[in-house]
>>> print(open('model.csv').read())   # CSV, C-alpha atoms
chain,number,residue,atom,x,y,z
J,1,MET,CA,154.1,118.1,135.5
J,2,SER,CA,155.4,116.7,132.2
J,3,ASP,CA,155.2,113.0,131.3
J,4,SER,CA,158.7,111.6,131.8
J,5,SER,CA,157.8,108.1,130.6
J,6,PRO,CA,160.1,106.8,127.9
J,7,ALA,CA,158.8,106.5,124.4
J,8,VAL,CA,157.5,103.0,123.6
J,9,SER,CA,157.7,101.9,120.0
J,10,GLY,CA,154.3,101.6,118.4
J,11,TYR,CA,152.5,102.7,121.5
J,12,ALA,CA,150.4,105.4,119.9
J,13,ALA,CA,149.2,103.1,117.1
J,14,ALA,CA,148.3,100.4,119.6
J,15,LEU,CA,146.5,102.8,121.9
J,16,ALA,CA,144.4,104.1,118.9
J,17,GLU,CA,143.5,100.5,118.0
J,18,LEU,CA,142.5,99.6,121.5
J,19,LYS,CA,140.3,102.7,121.8
J,20,GLN,CA,138.6,101.7,118.6
J,21,GLN,CA,138.0,98.2,120.0
J,22,VAL,CA,136.5,99.6,123.2
J,23,ARG,CA,134.2,101.9,121.3
J,24,ALA,CA,133.1,99.1,119.0
J,25,ALA,CA,132.4,96.8,122.0
J,26,ARG,CA,130.4,99.5,123.8
J,27,PHE,CA,128.4,100.1,120.7
J,28,ALA,CA,127.7,96.4,120.2
J,29,ALA,CA,126.6,96.1,123.9
J,30,GLN,CA,124.3,99.1,123.5
J,31,ARG,CA,122.8,97.5,120.4
J,32,ARG,CA,122.2,94.2,122.2
J,33,VAL,CA,120.5,96.0,125.2
J,34,ASN,CA,118.3,97.9,122.8
J,35,THR,CA,117.3,94.8,120.9
J,36,GLU,CA,116.4,93.0,124.2
J,37,LEU,CA,114.3,96.1,125.3
J,38,ILE,CA,112.4,96.0,122.0
J,39,ARG,CA,111.9,92.3,122.4
J,40,LEU,CA,110.5,92.9,125.9
J,41,TYR,CA,108.2,95.7,124.8
J,42,TRP,CA,106.9,93.7,121.9
J,43,GLY,CA,106.2,90.7,124.2
J,44,ILE,CA,104.3,92.8,126.7
J,45,GLY,CA,102.3,94.3,123.9
J,46,ALA,CA,101.5,90.9,122.3
J,47,THR,CA,100.4,89.6,125.7
J,48,ILE,CA,98.0,92.5,126.2
J,49,LEU,CA,96.6,92.0,122.7
J,50,GLN,CA,96.1,88.3,123.2
J,51,ARG,CA,94.4,88.7,126.6
J,52,GLN,CA,92.2,91.4,125.3
J,53,GLY,CA,91.1,89.1,122.4
J,54,ASP,CA,90.9,85.8,124.3
J,55,GLU,CA,89.7,86.9,127.8
J,56,GLY,CA,88.0,90.2,127.1
J,57,TRP,CA,90.4,92.5,129.0
J,58,GLY,CA,89.2,96.1,128.8
J,59,SER,CA,91.4,99.2,128.3
J,60,ASN,CA,91.4,99.8,132.1
J,61,VAL,CA,93.6,96.8,132.5
J,62,ILE,CA,96.5,98.7,131.0
J,63,GLY,CA,96.4,101.2,133.9
J,64,ARG,CA,96.3,98.3,136.4
J,65,LEU,CA,99.2,96.5,134.7
J,66,ALA,CA,101.3,99.8,134.7
J,67,THR,CA,100.8,100.2,138.5
J,68,ASP,CA,101.7,96.6,139.3
J,69,LEU,CA,104.7,96.5,137.0
J,70,ARG,CA,106.1,99.7,138.4
J,71,ALA,CA,105.6,98.4,141.9
J,72,GLU,CA,107.5,95.2,141.1
J,73,PHE,CA,110.3,96.9,139.1
J,74,PRO,CA,110.6,100.5,140.6
J,75,GLU,CA,114.1,100.9,139.1
J,76,MET,CA,112.8,100.4,135.5
J,77,LYS,CA,111.3,103.2,133.5
J,78,GLY,CA,108.9,102.7,130.7
J,79,PHE,CA,105.9,101.1,132.5
J,80,SER,CA,103.6,104.0,132.3
J,81,PRO,CA,100.0,103.5,131.0
J,82,ARG,CA,100.9,105.5,127.9
J,83,ASN,CA,104.0,103.4,127.2
J,84,LEU,CA,102.1,100.1,127.7
J,85,ALA,CA,99.5,101.5,125.2
J,86,TYR,CA,102.4,102.0,122.8
J,87,MET,CA,103.6,98.4,123.4
J,88,ARG,CA,100.1,97.2,122.5
J,89,ALA,CA,100.1,99.3,119.3
J,90,PHE,CA,103.6,98.1,118.5
J,91,ALA,CA,102.6,94.4,118.6
J,92,ALA,CA,99.4,95.3,116.6
J,93,ALA,CA,101.4,97.1,114.0
J,94,TRP,CA,104.0,94.3,113.6
J,95,PRO,CA,102.0,91.2,114.7
J,96,ASP,CA,104.7,88.7,113.4
J,97,GLU,CA,107.5,88.1,115.9
J,98,GLN,CA,109.8,88.3,113.0
J,99,ILE,CA,109.7,92.0,113.7
J,100,LEU,CA,112.7,91.3,115.9
J,101,GLN,CA,114.7,90.5,112.7
J,102,GLN,CA,113.6,93.6,110.9
J,103,ALA,CA,114.8,97.2,110.8
J,104,ALA,CA,112.4,98.5,113.4
J,105,ALA,CA,114.0,96.3,116.0
J,106,GLN,CA,117.3,98.1,115.4
J,107,LEU,CA,115.8,101.5,116.3
J,108,PRO,CA,115.5,103.1,119.8
J,109,TRP,CA,112.0,102.9,121.3
J,110,GLY,CA,111.5,106.6,120.8
J,111,HIS,CA,111.8,106.1,117.1
J,112,ILE,CA,109.2,103.4,117.1
J,113,THR,CA,106.7,105.6,118.9
J,114,VAL,CA,107.2,108.2,116.2
J,115,LEU,CA,106.4,105.6,113.6
J,116,LEU,CA,103.3,104.6,115.5
J,117,ASP,CA,102.1,108.2,116.0
J,118,ARG,CA,102.8,109.5,112.5
J,119,LEU,CA,102.0,106.6,110.2
J,120,ASP,CA,99.1,104.2,109.7
J,121,ASP,CA,100.4,102.4,106.6
J,122,HIS,CA,102.4,99.3,107.3
J,123,GLU,CA,104.6,99.6,104.2
J,124,LEU,CA,105.4,103.2,104.9
J,125,ARG,CA,106.4,102.3,108.5
J,126,ASP,CA,108.7,99.6,107.3
J,127,TRP,CA,110.2,102.0,104.7
J,128,TYR,CA,110.9,104.8,107.2
J,129,ALA,CA,112.2,102.2,109.8
J,130,GLY,CA,114.6,100.9,107.2
J,131,GLN,CA,115.8,104.4,106.2
J,132,ALA,CA,116.3,105.5,109.8
J,133,ALA,CA,118.3,102.3,110.6
J,134,ALA,CA,120.4,102.5,107.5
J,135,ARG,CA,121.1,106.3,107.6
J,136,GLY,CA,121.3,106.7,111.4
J,137,TRP,CA,118.5,109.2,111.6
J,138,SER,CA,117.9,110.8,115.0
J,139,ARG,CA,114.4,110.9,116.3
J,140,ASN,CA,114.0,114.6,115.2
J,141,VAL,CA,115.3,113.8,111.7
J,142,LEU,CA,112.9,110.9,111.5
J,143,GLU,CA,110.0,113.2,112.4
J,144,HIS,CA,111.1,115.7,109.9
J,145,GLN,CA,111.5,113.2,107.1
J,146,ILE,CA,107.9,111.8,107.7
J,147,ARG,CA,106.5,115.3,107.9
J,148,SER,CA,108.2,116.3,104.6
J,149,GLU,CA,107.1,113.0,102.9
J,150,ALA,CA,110.6,111.8,102.2
J,151,HIS,CA,109.2,108.5,100.7
J,152,THR,CA,108.0,110.6,97.7
J,153,ARG,CA,111.2,112.4,97.1
J,154,LEU,CA,114.2,110.6,98.7
J,155,GLN,CA,116.2,110.0,95.5
J,156,ALA,CA,119.8,110.9,95.0
J,157,ALA,CA,120.6,114.2,93.2
J,158,SER,CA,121.8,114.2,89.6
J,159,THR,CA,125.6,114.1,89.8
J,160,ASN,CA,128.8,113.3,87.9
J,161,PHE,CA,130.3,111.5,90.9
J,162,ALA,CA,130.5,108.1,89.2
J,163,GLU,CA,132.5,109.6,86.3
J,164,VAL,CA,135.0,111.7,88.3
J,165,LEU,CA,135.4,110.0,91.7
J,166,PRO,CA,136.8,106.5,92.5
J,167,PRO,CA,134.0,103.8,92.6
J,168,GLY,CA,133.8,103.4,96.4
J,169,ASP,CA,134.0,107.1,97.1
J,170,SER,CA,131.5,108.0,94.4
J,171,ASP,CA,128.9,105.7,96.0
J,172,LEU,CA,129.5,107.3,99.4
J,173,ALA,CA,129.3,110.9,98.1
J,174,GLN,CA,126.0,110.0,96.2
J,175,GLN,CA,124.5,108.8,99.5
J,176,ILE,CA,124.7,112.3,101.1
J,177,THR,CA,122.6,113.9,98.3
J,178,LYS,CA,118.8,113.8,97.6
J,179,ASP,CA,116.4,115.5,95.3
J,180,PRO,CA,114.4,117.7,96.1
J,181,TYR,CA,115.2,119.4,99.4
J,182,VAL,CA,112.2,120.6,101.3
J,183,LEU,CA,112.8,124.0,102.8
J,184,ASP,CA,109.3,124.8,104.0
J,185,PHE,CA,110.7,125.7,107.5
J,186,LEU,CA,112.1,128.9,105.9
J,187,ALA,CA,108.6,130.5,105.6
J,188,LEU,CA,109.6,132.2,102.3
J,189,ASP,CA,107.7,132.4,99.0
J,190,GLY,CA,108.9,131.5,95.5
J,191,ASP,CA,109.9,135.2,94.9
J,192,ALA,CA,112.6,135.2,97.6
J,193,LYS,CA,115.9,136.5,96.4
J,194,GLU,CA,119.0,134.3,96.7
J,195,ARG,CA,120.6,136.4,99.5
J,196,HIS,CA,117.3,136.2,101.5
J,197,LEU,CA,117.1,132.4,101.0
J,198,GLU,CA,120.8,132.0,102.0
J,199,GLN,CA,120.3,134.2,105.1
J,200,ALA,CA,117.1,132.3,106.1
J,201,LEU,CA,119.0,129.0,105.8
J,202,VAL,CA,121.7,130.3,108.2
J,203,ASP,CA,119.1,131.7,110.6
J,204,ARG,CA,117.5,128.3,110.7
J,205,ILE,CA,120.7,126.3,110.5
J,206,ILE,CA,119.5,123.5,112.8
J,207,ASP,CA,116.5,122.8,110.5
J,208,ALA,CA,118.8,123.2,107.4
J,209,LEU,CA,121.2,120.6,108.8
J,210,ARG,CA,118.3,118.3,109.5
J,211,GLU,CA,117.1,118.5,105.9
J,212,LEU,CA,120.6,118.0,104.5
J,213,GLY,CA,120.9,114.8,106.5
J,214,GLU,CA,123.0,113.2,109.2
J,215,GLY,CA,126.7,114.0,109.3
J,216,PHE,CA,126.6,117.6,108.0
J,217,ALA,CA,128.3,120.4,110.0
J,218,PHE,CA,128.1,124.0,109.1
J,219,VAL,CA,131.4,125.8,108.3
J,220,GLY,CA,130.3,129.2,107.1
J,221,ARG,CA,128.4,131.5,104.9
J,222,GLN,CA,130.0,133.7,102.2
J,223,VAL,CA,133.3,132.0,103.0
J,224,HIS,CA,136.1,134.3,101.6
J,225,PHE,CA,139.0,133.2,99.4
J,226,ASP,CA,141.7,135.4,98.1
J,227,VAL,CA,143.2,134.2,94.8
J,228,ASP,CA,146.2,136.4,94.0
J,229,GLY,CA,144.3,139.5,95.0
J,230,ASP,CA,140.9,138.6,93.6
J,231,ASP,CA,138.1,137.9,96.1
J,232,PHE,CA,135.7,135.0,95.9
J,233,TYR,CA,132.9,134.0,98.2
J,234,VAL,CA,131.4,130.6,98.6
J,235,ASP,CA,127.6,130.8,99.4
J,236,LEU,CA,127.5,128.0,102.0
J,237,LEU,CA,130.2,125.6,103.1
J,238,PHE,CA,129.6,122.4,105.0
J,239,PHE,CA,131.7,119.5,106.2
J,240,HIS,CA,130.5,116.0,106.4
J,241,VAL,CA,132.0,114.6,109.6
J,242,GLU,CA,131.3,110.9,108.7
J,243,GLN,CA,132.8,111.0,105.2
J,244,LEU,CA,135.4,113.6,106.1
J,245,ARG,CA,134.7,115.8,103.1
J,246,TYR,CA,133.8,119.5,102.4
J,247,VAL,CA,130.5,120.1,100.6
J,248,VAL,CA,130.1,123.4,98.8
J,249,VAL,CA,126.5,124.5,98.4
J,250,GLU,CA,125.4,127.2,95.9
J,251,LEU,CA,121.9,128.6,95.7
J,252,LYS,CA,120.0,129.7,92.6
J,253,THR,CA,116.4,130.9,92.9
J,254,GLY,CA,115.6,130.5,89.2
J,255,LYS,CA,115.7,127.6,86.8
J,256,PHE,CA,118.9,125.7,86.2
J,257,LYS,CA,121.3,127.0,83.7
J,258,PRO,CA,124.4,125.1,82.5
J,259,GLU,CA,126.7,128.1,83.2
J,260,TYR,CA,125.9,127.8,86.9
J,261,LEU,CA,128.1,124.6,87.1
J,262,GLY,CA,131.2,126.5,86.0
J,263,GLN,CA,131.1,128.7,89.0
J,264,LEU,CA,130.3,125.8,91.4
J,265,GLY,CA,133.1,123.7,89.9
J,266,PHE,CA,135.6,126.6,90.4
J,267,TYR,CA,134.5,126.9,94.1
J,268,VAL,CA,134.9,123.1,94.6
J,269,ALA,CA,138.4,123.2,93.2
J,270,LEU,CA,139.2,126.2,95.4
J,271,VAL,CA,138.0,124.6,98.6
J,272,ASP,CA,139.8,121.3,97.6
J,273,ASP,CA,143.0,123.2,97.2
J,274,LYS,CA,142.9,125.6,100.1
J,275,LEU,CA,141.1,123.7,102.9
J,276,ARG,CA,141.2,120.0,102.2
J,277,ARG,CA,143.7,117.9,104.1
J,278,ALA,CA,145.4,114.7,103.2
J,279,GLN,CA,143.0,112.6,105.3
J,280,HIS,CA,139.9,114.2,103.8
J,281,ALA,CA,137.9,112.8,100.9
J,282,ASP,CA,137.4,114.7,97.7
J,283,THR,CA,135.4,118.0,98.1
J,284,VAL,CA,132.0,117.9,96.3
J,285,GLY,CA,129.6,120.6,95.2
J,286,LEU,CA,125.8,120.8,95.3
J,287,LEU,CA,123.8,123.3,93.3
J,288,LEU,CA,120.3,123.9,94.7
J,289,VAL,CA,117.9,125.4,92.1
J,290,ALA,CA,114.2,126.3,92.2
J,291,ASP,CA,113.5,124.3,89.0
J,292,LYS,CA,115.4,122.3,86.4
J,293,ASN,CA,115.2,120.3,83.2
J,294,ASP,CA,116.8,116.9,84.1
J,295,ALA,CA,118.0,116.3,80.6
J,296,VAL,CA,119.8,119.6,80.5
J,297,VAL,CA,121.3,118.9,83.9
J,298,ARG,CA,122.6,115.5,82.7
J,299,TYR,CA,124.2,117.0,79.6
J,300,SER,CA,125.8,119.8,81.6
J,301,LEU,CA,127.2,117.5,84.3
J,302,GLY,CA,129.0,115.4,81.6
J,303,ALA,CA,131.1,118.4,80.6
J,304,HIS,CA,132.7,118.9,84.1
J,305,GLN,CA,135.5,117.1,85.8
J,306,THR,CA,135.0,118.4,89.3
J,307,PRO,CA,132.5,116.3,91.4
J,308,ILE,CA,129.2,118.3,91.5
J,309,GLY,CA,125.5,117.5,91.7
J,310,VAL,CA,122.3,119.4,91.1
J,311,ALA,CA,119.1,119.2,93.1
J,312,SER,CA,115.9,121.3,93.3
J,313,TYR,CA,114.4,122.7,96.4
J,314,ASP,CA,110.8,123.2,97.5
J,315,LEU,CA,109.6,125.9,99.8
J,316,LEU,CA,106.4,124.0,100.4
J,317,PRO,CA,105.9,120.3,101.3
J,318,PRO,CA,104.6,118.1,98.5
J,319,ALA,CA,101.1,117.7,100.2
J,320,VAL,CA,100.6,121.4,100.3
J,321,GLN,CA,101.9,121.9,96.7
J,322,ALA,CA,99.4,119.2,95.5
J,323,ALA,CA,96.5,121.1,97.1
J,324,LEU,CA,97.4,124.4,95.4
J,325,PRO,CA,95.7,125.4,92.2
J,326,SER,CA,97.8,125.1,89.1
J,327,GLU,CA,98.9,128.0,86.9
J,328,ALA,CA,96.2,127.0,84.4
J,329,ASP,CA,93.5,126.9,87.1
J,330,LEU,CA,94.5,130.4,88.2
J,331,ALA,CA,94.5,131.7,84.7
J,332,SER,CA,91.1,130.2,84.0
J,333,ALA,CA,89.7,131.7,87.2
J,334,LEU,CA,91.1,135.1,86.5
J,335,GLY,CA,89.9,135.0,82.9
J,336,ALA,CA,86.4,134.2,84.1
J,337,GLU,CA,86.4,137.1,86.5
J,338,ALA,CA,87.6,139.5,83.9
J,339,ASP,CA,84.8,138.5,81.5
J,340,PRO,CA,81.7,140.5,82.4
J,341,GLY,CA,79.5,138.3,80.3
J,342,HIS,CA,80.5,135.2,82.1
J,343,GLN,CA,77.8,133.7,84.3
J,344,PRO,CA,78.6,131.2,87.0
J,345,ASP,CA,77.3,127.7,86.6
J,346,GLU,CA,74.0,127.0,88.2
>>> encode(input="model.csv", output="structure tokens")
Amino acid sequence: MSDSSPAVSGYAAALAELKQQVRAARFAAQRRVNTELIRLYWGIGATILQRQGDEGWGSNVIGRLATDLRAEFPEMKGFSPRNLAYMRAFAAAWPDEQILQQAAAQLPWGHITVLLDRLDDHELRDWYAGQAAARGWSRNVLEHQIRSEAHTRLQAASTNFAEVLPPGDSDLAQQITKDPYVLDFLALDGDAKERHLEQALVDRIIDALRELGEGFAFVGRQVHFDVDGDDFYVDLLFFHVEQLRYVVVELKTGKFKPEYLGQLGFYVALVDDKLRRAQHADTVGLLLVADKNDAVVRYSLGAHQTPIGVASYDLLPPAVQAALPSEADLASALGAEADPGHQPDE
């Protein structure tokens, strides 16, 4: 049955505004509930710590408390012995009640347990808590960033955004880049060909999106464009659903060369013309390379008017790379083996 209601002037705009108000109110209410839950959990943990210190409570008391609290509040979840132990660890990790004014208090409880499980250093916990709160990381993304040691690498990629995009938009676009990207989940070595790297990223697209960051949606691989009879294919195309912009990603397995930016700039202009809508932000490009000279990258970016950035990628996490022998070490070892007169040190 069709809607026979007469058109009301301005109704659609008013409805859209009211929907936004409802969503904002719901989000604010959820934030308040989460803050109160974190406050409760911190208070329970602080009480356990204090009693253990002042009155000599043993670890067995946690099990007893869990039983009694669940009996009194059967409708509430979260009073398991394991969770009470997390509460105690939470209060121990952030002993000052000012924690309730810090980034960790803005996170869901599951995020806090990840921080407690994965990190012992207080400053690192605060750093990851701040990043997770500011960037809206999910629990899985937070785990991935800790595992890949994001604190050692989470800097923005080299770009020309500030020169070719409006000030506010350039800052936003810069925020969705980083350097380097850790692609250790691909299980490839440094000799992998570009098409193998590209296929592996698509095969592990969930992990790839997690490494790219919050807000990225996969559009396609080898996206075809016909330009007056000539065929062109974009390696990987993404759409950032929060910033409403297409992101063109090109892969190069070797070291950065200035000419790579010409091809990427062409693809950015193509996507911007063929796919971008009026409500979308400017399309940007991101070139991922195995290695680069940062000075060469800066000079090369200055010669282009399309918004593009350059970042490197690693196929091994930093900790593993640091443990591997250097090229000089390998050469020295191989040279020693080849020298029949060489005698090992006593």
>>> residues_around(input="model.csv", residues="region 135-146 of chain J", least_positions_apart="3", cutoff="7 Å", atoms="all atoms listed in the file", output="VMD selection string")
chain J and resid 110 to 111 114 131 to 132 149 to 150 210 214
>>> residues_around(input="model.csv", residues="Phe238 (chain J)", least_positions_apart="6", cutoff="7 Å", atoms="only C-alpha atoms", output="VMD selection string")
chain J and resid 216 to 219 246 to 248
>>> closest_residue(input="model.csv", among="J:Leu197, J:Ala93, J:Ala71, J:Ile99", to="Ile38 (chain J)", atoms="only C-alpha atoms")
J:Ile99
>>> atom_distance(input="model.csv", atom1="CA of Leu49 (chain J)", atom2="CA of Tyr86 (chain J)")
11.6 Å
>>> residues_around(input="model.csv", residues="region 104-106 of chain J", least_positions_apart="3", cutoff="10 Å", atoms="all atoms listed in the file", output="ChimeraX atom specification")
/J:31-32,34-39,42,94,98-101,109,111-112,115,125-134
>>> atom_distance(input="model.csv", atom1="CA of Ala14 (chain J)", atom2="CA of Ala281 (chain J)")
24.7 Å
>>> atom_distance(input="model.csv", atom1="CA of Gln305 (chain J)", atom2="CA of Gln174 (chain J)")
15.8 Å
